[in-house]
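Below you'll find the structure, written out as structure tokens, and then a few comments.
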There are 2 protein chains.
Amino acid sequence: MGPAEVRIAAFGGSLRAGSLNGVLLDHAVRIAEPLCEISRLEIRDLPLYNQDLDPTMGDGDTPAAVAAFRNAIDAADGVMIVSPEYSWSVPGPTKNAIDWVSRPAFDTPLTGKPVLLAGASPGPAGTGRAQLHLRQILHSLRALALVNDLQVPFAHSTITPDGGLDPQLELRIGELLRELVDDARAASAADLVGRYRVPPATA
Amino acid sequence: MGPAEVRIAAFGGSLRAGSLNGVLLDHAVRIAEPLCEISRLEIRDLPLYNQDLDPTMGDGDTPAAVAAFRNAIDAADGVMIVSPEYSWSVPGPTKNAIDWVSRPAFDTPLTGKPVLLAGASPGPAGTGRAQLHLRQILHSLRALALVNDLQVPFAHSTITPDGGLDPQLELRIGELLRELVDDARAASAADLVGRYRVPPATA
């Protein structure tokens, strides 16, 4: 990897086979490949979050899937989350993955890093409500959600299980990924990770 | 069980041993016992949510823990959720449990049922931010979050691992549980479950 190469980690998608968000994530990874070093992370092997198994908190053995996920986010300059919306909010499995990289406070693998939010829904909402909750969650970790994000409503008309993608959507994903890569490069150059990993002064 | 008996299901708590919220849930169950038929549900055995394993959606085998959890919520007149707050929001495991009772749309095991929200934190927030997200999640399911809820900040001073509980907190938990039982009885008498389990007319 050359010194200018930006590393992006991507995760999310629902766990079901043939998920719209899984297909969207496949496309995003494909479109990202010429732009950066992209790695797709799997969240289905993470156990339910338990502080006793958190390597930053407990004394227990860290599950291998947890260590791998933390290391991959830690090594990235920026992150993309492609998630469905369940019950107007973040799916349990997506939040569970974030919980595993949420400690220690003010010094998490996500702190100081740009994050692109994307999601697709069969109905009209396009996962926008889940993304609002994600923005608040990421802000608590001092991660830097990009101002621009992607909602894909009525996704059956633009994303097909056989791998089809609407051309306008293909272009938009490319634009957003270039923003993410640019922001991740800038954040790395400015050492935002180091700057944000400072606990606040207490009274 | 007599005809006037109200059935309350309670779940939550974090998965770690000695959790403040686990101890708070223990106390709430104890205080509820003279007021209603209370059952404490375990969420740690639920797998990560996967639509392919959802008995209302997929064709796969429903995990036994999922069937038991759904049946217990289905049989309850009201629900209590005692959850920590992670990253200003709902913990992954708590949301994961709700995901398993979030379908079919407009006809979930939670629809039309009163829900009491409670939580404890070692710091100042008392889980209030997680409860705001929970209120929105529950509203999407047409569950009826009680207007009153319980935040316990600085919980190490009022809840001790050896089973101690601040007397004022004991009284407040009792008041809220009586509200929950009264609301659950009224909701059952008014058949709110039946009334809310009606899909909206579409244009």
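Numbering starts fresh at 1 for the residues of each chain in the structure tokens, the chains themselves are lettered A, B, ... in the order given, and ligands are numbered from 1 as they appear.
Residues in contact range of region 122-135 of chain B, defined as at most 9 Å between only C-alpha atoms, with sequence neighbours fewer than 6 positions away removed, read Ser89 and His133 of chain A; Leu20, Ser83, Pro84, Glu85, Tyr86, Ser87, Trp88, Ser89, Val90, Pro91, Lys95, Ala143, Leu144, Ala145, Asp149, Leu150, Gln151, Val152, Pro153, Phe154, Ala155, His156 and Ser157 of chain B.
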- request: Restrict the distance test to only C-alpha atoms, flag each residue of chain A within 7 Å of chain B, and return the flagged residues as JSON, numbers by chain.
  value: {"A": [15, 16, 48, 49, 50, 51, 52, 87, 88, 89, 91, 92, 93, 95, 96, 99, 137, 140, 141]}
Given the selection you just returned, output its residues as a file containing N, CA and C atoms, formatted as a JSON list (two decimals), in the first residue's frame.
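Contents of again.json, freshly written:
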[["chain", "number", "residue", "atom", "x", "y", "z"],
["A", 15, "LEU", "N", -28.72, -9.60, 8.08],
["A", 15, "LEU", "CA", -28.15, -10.95, 8.12],
["A", 15, "LEU", "C", -28.86, -11.91, 7.17],
["A", 16, "ARG", "N", -30.01, -11.51, 6.67],
["A", 16, "ARG", "CA", -30.74, -12.48, 5.83],
["A", 16, "ARG", "C", -30.08, -12.62, 4.45],
["A", 48, "LEU", "N", -23.55, -11.34, 21.17],
["A", 48, "LEU", "CA", -24.23, -10.20, 21.81],
["A", 48, "LEU", "C", -23.24, -9.50, 22.73],
["A", 49, "TYR", "N", -23.27, -8.16, 22.71],
["A", 49, "TYR", "CA", -22.29, -7.40, 23.48],
["A", 49, "TYR", "C", -22.40, -7.72, 24.97],
["A", 50, "ASN", "N", -21.25, -7.92, 25.57],
["A", 50, "ASN", "CA", -21.17, -8.23, 26.99],
["A", 50, "ASN", "C", -19.88, -7.59, 27.51],
["A", 51, "GLN", "N", -20.01, -6.66, 28.43],
["A", 51, "GLN", "CA", -18.84, -5.95, 28.95],
["A", 51, "GLN", "C", -17.78, -6.91, 29.50],
["A", 52, "ASP", "N", -18.23, -8.03, 30.04],
["A", 52, "ASP", "CA", -17.27, -8.99, 30.61],
["A", 52, "ASP", "C", -16.34, -9.57, 29.55],
["A", 87, "SER", "N", -37.86, -0.84, 12.85],
["A", 87, "SER", "CA", -38.65, -0.14, 13.88],
["A", 87, "SER", "C", -38.16, 1.29, 14.07],
["A", 88, "TRP", "N", -37.98, 2.00, 12.97],
["A", 88, "TRP", "CA", -37.57, 3.41, 12.94],
["A", 88, "TRP", "C", -36.18, 3.63, 13.52],
["A", 89, "SER", "N", -35.38, 2.61, 13.70],
["A", 89, "SER", "CA", -34.10, 2.78, 14.37],
["A", 89, "SER", "C", -33.06, 1.81, 13.81],
["A", 91, "PRO", "N", -30.92, -1.47, 13.49],
["A", 91, "PRO", "CA", -31.11, -2.89, 13.81],
["A", 91, "PRO", "C", -30.24, -3.32, 14.99],
["A", 92, "GLY", "N", -30.75, -4.27, 15.78],
["A", 92, "GLY", "CA", -29.96, -4.79, 16.88],
["A", 92, "GLY", "C", -28.57, -5.24, 16.45],
["A", 93, "PRO", "N", -28.45, -6.04, 15.38],
["A", 93, "PRO", "CA", -27.10, -6.50, 14.99],
["A", 93, "PRO", "C", -26.14, -5.36, 14.62],
["A", 95, "LYS", "N", -26.25, -2.19, 15.80],
["A", 95, "LYS", "CA", -25.86, -1.51, 17.05],
["A", 95, "LYS", "C", -24.93, -2.39, 17.87],
["A", 96, "ASN", "N", -25.18, -3.69, 17.84],
["A", 96, "ASN", "CA", -24.33, -4.63, 18.56],
["A", 96, "ASN", "C", -22.88, -4.54, 18.07],
["A", 99, "ASP", "N", -21.43, -1.39, 19.42],
["A", 99, "ASP", "CA", -21.13, -1.53, 20.86],
["A", 99, "ASP", "C", -19.74, -2.14, 21.08],
["A", 137, "ILE", "N", -25.50, 8.23, 17.93],
["A", 137, "ILE", "CA", -24.62, 7.20, 18.48],
["A", 137, "ILE", "C", -23.15, 7.50, 18.11],
["A", 140, "SER", "N", -21.58, 10.36, 20.00],
["A", 140, "SER", "CA", -21.17, 10.01, 21.37],
["A", 140, "SER", "C", -19.77, 9.41, 21.38],
["A", 141, "LEU", "N", -19.38, 8.79, 20.26],
["A", 141, "LEU", "CA", -18.06, 8.16, 20.16],
["A", 141, "LEU", "C", -17.03, 9.10, 19.55]]
Transformed chain A, reference chain B, in-order C-alpha pairing, as a CSV table (one decimal) with C-alpha atoms, in the first residue's frame:
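Output file selection01.csv is given in full below:
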chain,number,residue,atom,x,y,z
A,1,MET,CA,-54.6,-16.9,38.0
A,2,GLY,CA,-57.8,-15.0,38.8
A,3,PRO,CA,-59.5,-13.0,36.1
A,4,ALA,CA,-58.3,-9.7,37.6
A,5,GLU,CA,-54.7,-10.8,37.6
A,6,VAL,CA,-52.5,-8.7,35.3
A,7,ARG,CA,-49.5,-10.3,33.6
A,8,ILE,CA,-46.3,-8.3,33.3
A,9,ALA,CA,-43.2,-9.4,31.4
A,10,ALA,CA,-39.9,-7.8,32.3
A,11,PHE,CA,-36.6,-8.0,30.4
A,12,GLY,CA,-33.3,-6.1,29.9
A,13,GLY,CA,-30.4,-5.6,32.1
A,14,SER,CA,-26.9,-5.8,30.6
A,15,LEU,CA,-25.3,-9.2,30.0
A,16,ARG,CA,-22.4,-8.7,32.3
A,17,ALA,CA,-22.3,-10.3,35.8
A,18,GLY,CA,-23.2,-7.9,38.6
A,19,SER,CA,-24.8,-5.4,36.2
A,20,LEU,CA,-26.4,-2.4,37.9
A,21,ASN,CA,-29.4,-2.8,35.6
A,22,GLY,CA,-29.6,-6.5,36.3
A,23,VAL,CA,-29.8,-5.7,40.0
A,24,LEU,CA,-32.4,-3.0,39.3
A,25,LEU,CA,-34.4,-5.6,37.4
A,26,ASP,CA,-34.1,-8.0,40.3
A,27,HIS,CA,-35.5,-5.4,42.6
A,28,ALA,CA,-38.3,-4.4,40.2
A,29,VAL,CA,-39.4,-8.1,39.9
A,30,ARG,CA,-39.4,-8.5,43.7
A,31,ILE,CA,-41.5,-5.3,44.1
A,32,ALA,CA,-43.9,-6.3,41.4
A,33,GLU,CA,-44.6,-9.8,42.8
A,34,PRO,CA,-47.5,-8.7,45.1
A,35,LEU,CA,-49.0,-6.5,42.4
A,36,CYS,CA,-49.2,-8.8,39.4
A,37,GLU,CA,-48.1,-12.0,37.8
A,38,ILE,CA,-44.5,-11.1,36.9
A,39,SER,CA,-42.2,-13.0,34.6
A,40,ARG,CA,-38.6,-12.2,34.0
A,41,LEU,CA,-37.4,-12.9,30.5
A,42,GLU,CA,-33.8,-13.7,29.5
A,43,ILE,CA,-32.4,-12.0,26.4
A,44,ARG,CA,-28.9,-13.4,26.3
A,45,ASP,CA,-29.9,-16.6,24.5
A,46,LEU,CA,-31.5,-14.8,21.6
A,47,PRO,CA,-29.4,-15.0,18.4
A,48,LEU,CA,-28.6,-11.9,16.3
A,49,TYR,CA,-31.8,-10.9,14.5
A,50,ASN,CA,-32.2,-12.5,11.1
A,51,GLN,CA,-35.3,-12.2,9.1
A,52,ASP,CA,-34.7,-15.6,7.6
A,53,LEU,CA,-35.2,-17.1,11.2
A,54,ASP,CA,-38.2,-14.8,12.1
A,55,PRO,CA,-41.3,-17.1,12.4
A,56,THR,CA,-43.4,-14.3,10.8
A,57,MET,CA,-41.1,-13.8,7.8
A,58,GLY,CA,-38.8,-16.6,6.9
A,59,ASP,CA,-39.0,-20.3,6.0
A,60,GLY,CA,-36.3,-21.3,8.4
A,61,ASP,CA,-36.5,-23.0,11.8
A,62,THR,CA,-37.3,-20.6,14.5
A,63,PRO,CA,-34.7,-20.8,17.3
A,64,ALA,CA,-36.3,-22.0,20.6
A,65,ALA,CA,-35.2,-18.9,22.5
A,66,VAL,CA,-37.0,-16.7,20.0
A,67,ALA,CA,-40.2,-18.7,20.2
A,68,ALA,CA,-40.1,-18.6,24.0
A,69,PHE,CA,-39.4,-14.8,24.1
A,70,ARG,CA,-42.2,-14.1,21.6
A,71,ASN,CA,-44.7,-16.2,23.4
A,72,ALA,CA,-43.9,-14.6,26.8
A,73,ILE,CA,-44.4,-11.1,25.4
A,74,ASP,CA,-47.5,-12.2,23.6
A,75,ALA,CA,-49.0,-13.5,26.8
A,76,ALA,CA,-48.3,-10.4,28.8
A,77,ASP,CA,-50.7,-7.5,29.3
A,78,GLY,CA,-47.8,-5.1,29.9
A,79,VAL,CA,-44.0,-5.0,29.7
A,80,MET,CA,-41.1,-3.5,31.7
A,81,ILE,CA,-37.7,-2.8,30.0
A,82,VAL,CA,-34.8,-2.2,32.3
A,83,SER,CA,-31.9,-1.3,30.1
A,84,PRO,CA,-28.5,0.4,30.3
A,85,GLU,CA,-27.6,3.1,27.8
A,86,TYR,CA,-24.7,2.5,25.5
A,87,SER,CA,-23.3,5.3,23.3
A,88,TRP,CA,-26.4,7.6,24.0
A,89,SER,CA,-28.7,4.9,22.7
A,90,VAL,CA,-30.2,1.4,23.2
A,91,PRO,CA,-27.7,-1.4,23.7
A,92,GLY,CA,-27.4,-3.8,20.8
A,93,PRO,CA,-28.7,-6.8,22.9
A,94,THR,CA,-31.8,-4.8,24.0
A,95,LYS,CA,-32.7,-3.7,20.5
A,96,ASN,CA,-32.0,-7.2,19.2
A,97,ALA,CA,-34.6,-8.5,21.6
A,98,ILE,CA,-37.1,-5.9,20.4
A,99,ASP,CA,-36.4,-6.8,16.8
A,100,TRP,CA,-37.5,-10.3,17.5
A,101,VAL,CA,-40.9,-9.1,18.6
A,102,SER,CA,-41.2,-6.4,15.9
A,103,ARG,CA,-43.2,-8.3,13.3
A,104,PRO,CA,-45.5,-8.6,11.6
A,105,ALA,CA,-46.0,-4.9,11.1
A,106,PHE,CA,-49.0,-3.5,13.1
A,107,ASP,CA,-49.5,-6.9,14.8
A,108,THR,CA,-46.5,-7.5,17.0
A,109,PRO,CA,-46.5,-9.0,20.5
A,110,LEU,CA,-45.9,-5.5,21.8
A,111,THR,CA,-48.7,-3.7,19.9
A,112,GLY,CA,-51.3,-2.0,22.1
A,113,LYS,CA,-49.4,-2.8,25.3
A,114,PRO,CA,-48.2,-0.4,28.0
A,115,VAL,CA,-44.4,-0.5,28.5
A,116,LEU,CA,-42.5,0.9,31.5
A,117,LEU,CA,-39.0,2.1,30.8
A,118,ALA,CA,-36.3,2.1,33.5
A,119,GLY,CA,-32.5,2.2,33.6
A,120,ALA,CA,-29.5,2.9,35.7
A,121,SER,CA,-26.1,4.4,34.9
A,122,PRO,CA,-23.0,4.9,36.9
A,123,GLY,CA,-22.7,8.5,35.5
A,124,PRO,CA,-25.1,11.4,35.3
A,125,ALA,CA,-27.3,10.6,32.3
A,126,GLY,CA,-29.4,7.8,33.9
A,127,THR,CA,-30.2,6.2,30.5
A,128,GLY,CA,-32.5,9.0,29.5
A,129,ARG,CA,-31.1,9.2,26.0
A,130,ALA,CA,-31.5,5.5,25.4
A,131,GLN,CA,-35.1,5.8,26.6
A,132,LEU,CA,-35.9,8.6,24.1
A,133,HIS,CA,-34.7,6.2,21.3
A,134,LEU,CA,-36.8,3.4,22.9
A,135,ARG,CA,-39.9,5.6,22.9
A,136,GLN,CA,-39.5,6.1,19.2
A,137,ILE,CA,-38.9,2.4,18.5
A,138,LEU,CA,-41.9,1.4,20.6
A,139,HIS,CA,-44.1,4.0,18.9
A,140,SER,CA,-43.3,2.4,15.6
A,141,LEU,CA,-44.6,-0.8,17.0
A,142,ARG,CA,-47.7,0.9,18.4
A,143,ALA,CA,-46.6,-0.1,21.9
A,144,LEU,CA,-47.6,2.4,24.5
A,145,ALA,CA,-44.6,3.7,26.5
A,146,LEU,CA,-45.8,5.0,29.9
A,147,VAL,CA,-45.4,8.8,30.2
A,148,ASN,CA,-43.6,8.3,33.5
A,149,ASP,CA,-40.3,6.4,33.4
A,150,LEU,CA,-37.3,5.9,35.7
A,151,GLN,CA,-33.8,7.1,35.3
A,152,VAL,CA,-31.3,6.2,38.0
A,153,PRO,CA,-28.1,8.3,37.6
A,154,PHE,CA,-25.0,7.8,39.8
A,155,ALA,CA,-26.5,4.4,40.5
A,156,HIS,CA,-23.6,3.1,42.6
A,157,SER,CA,-24.9,5.4,45.4
A,158,THR,CA,-28.5,3.9,45.4
A,159,ILE,CA,-28.1,0.3,44.0
A,160,THR,CA,-25.4,-1.9,45.5
A,161,PRO,CA,-24.2,-5.3,44.1
A,162,ASP,CA,-25.1,-7.0,47.4
A,163,GLY,CA,-28.7,-6.2,46.9
A,164,GLY,CA,-29.1,-2.9,48.7
A,165,LEU,CA,-31.6,-0.4,47.3
A,166,ASP,CA,-32.2,3.2,48.3
A,167,PRO,CA,-35.6,3.5,50.2
A,168,GLN,CA,-36.8,6.4,48.1
A,169,LEU,CA,-36.0,4.5,44.9
A,170,GLU,CA,-37.8,1.4,46.3
A,171,LEU,CA,-40.9,3.6,46.7
A,172,ARG,CA,-40.6,5.2,43.3
A,173,ILE,CA,-40.3,1.8,41.6
A,174,GLY,CA,-43.4,0.6,43.4
A,175,GLU,CA,-45.4,3.7,42.2
A,176,LEU,CA,-44.3,3.2,38.6
A,177,LEU,CA,-45.1,-0.6,38.7
A,178,ARG,CA,-48.6,0.2,40.0
A,179,GLU,CA,-49.1,2.6,37.1
A,180,LEU,CA,-47.9,-0.1,34.7
A,181,VAL,CA,-50.3,-2.7,36.2
A,182,ASP,CA,-53.2,-0.2,36.2
A,183,ASP,CA,-52.5,0.7,32.6
A,184,ALA,CA,-52.1,-2.9,31.5
A,185,ARG,CA,-55.4,-3.8,33.2
A,186,ALA,CA,-57.1,-0.9,31.4
A,187,ALA,CA,-55.5,-1.6,28.1
A,188,SER,CA,-56.6,-5.2,28.3
A,189,ALA,CA,-60.2,-4.3,29.3
A,190,ALA,CA,-60.4,-1.8,26.4
A,191,ASP,CA,-58.8,-4.3,24.0
A,192,LEU,CA,-56.2,-1.8,22.9
A,193,VAL,CA,-54.2,-4.7,21.4
A,194,GLY,CA,-57.1,-5.4,19.1
A,195,ARG,CA,-57.7,-1.7,18.3
A,196,TYR,CA,-54.1,-1.0,17.5
A,197,ARG,CA,-53.6,-4.2,15.5
A,198,VAL,CA,-55.2,-2.6,12.5
A,199,PRO,CA,-53.0,-1.7,9.5
A,200,PRO,CA,-53.5,1.9,8.4
A,201,ALA,CA,-55.6,2.5,5.3
A,202,THR,CA,-53.3,3.2,2.3
A,203,ALA,CA,-53.8,5.8,-0.3
message: To test your reading of the structure, identify every residue in region 19-186 of chain B that backbone DSSP assigns to strand (DSSP E), and report it as a PyMOL selection string.
response: chain B and resi 37-40+78-82+114-120+144-145+150-152
DSSP helix (DSSP H, G or I) residues within region 26-134 of chain A, listed as JSON, numbers by chain: {"A": [26, 27, 28, 29, 30, 31, 32, 51, 52, 53, 64, 65, 66, 67, 68, 69, 70, 71, 72, 73, 74, 75, 92, 93, 94, 95, 96, 97, 98, 99, 128, 129, 130, 131, 132, 133, 134]}
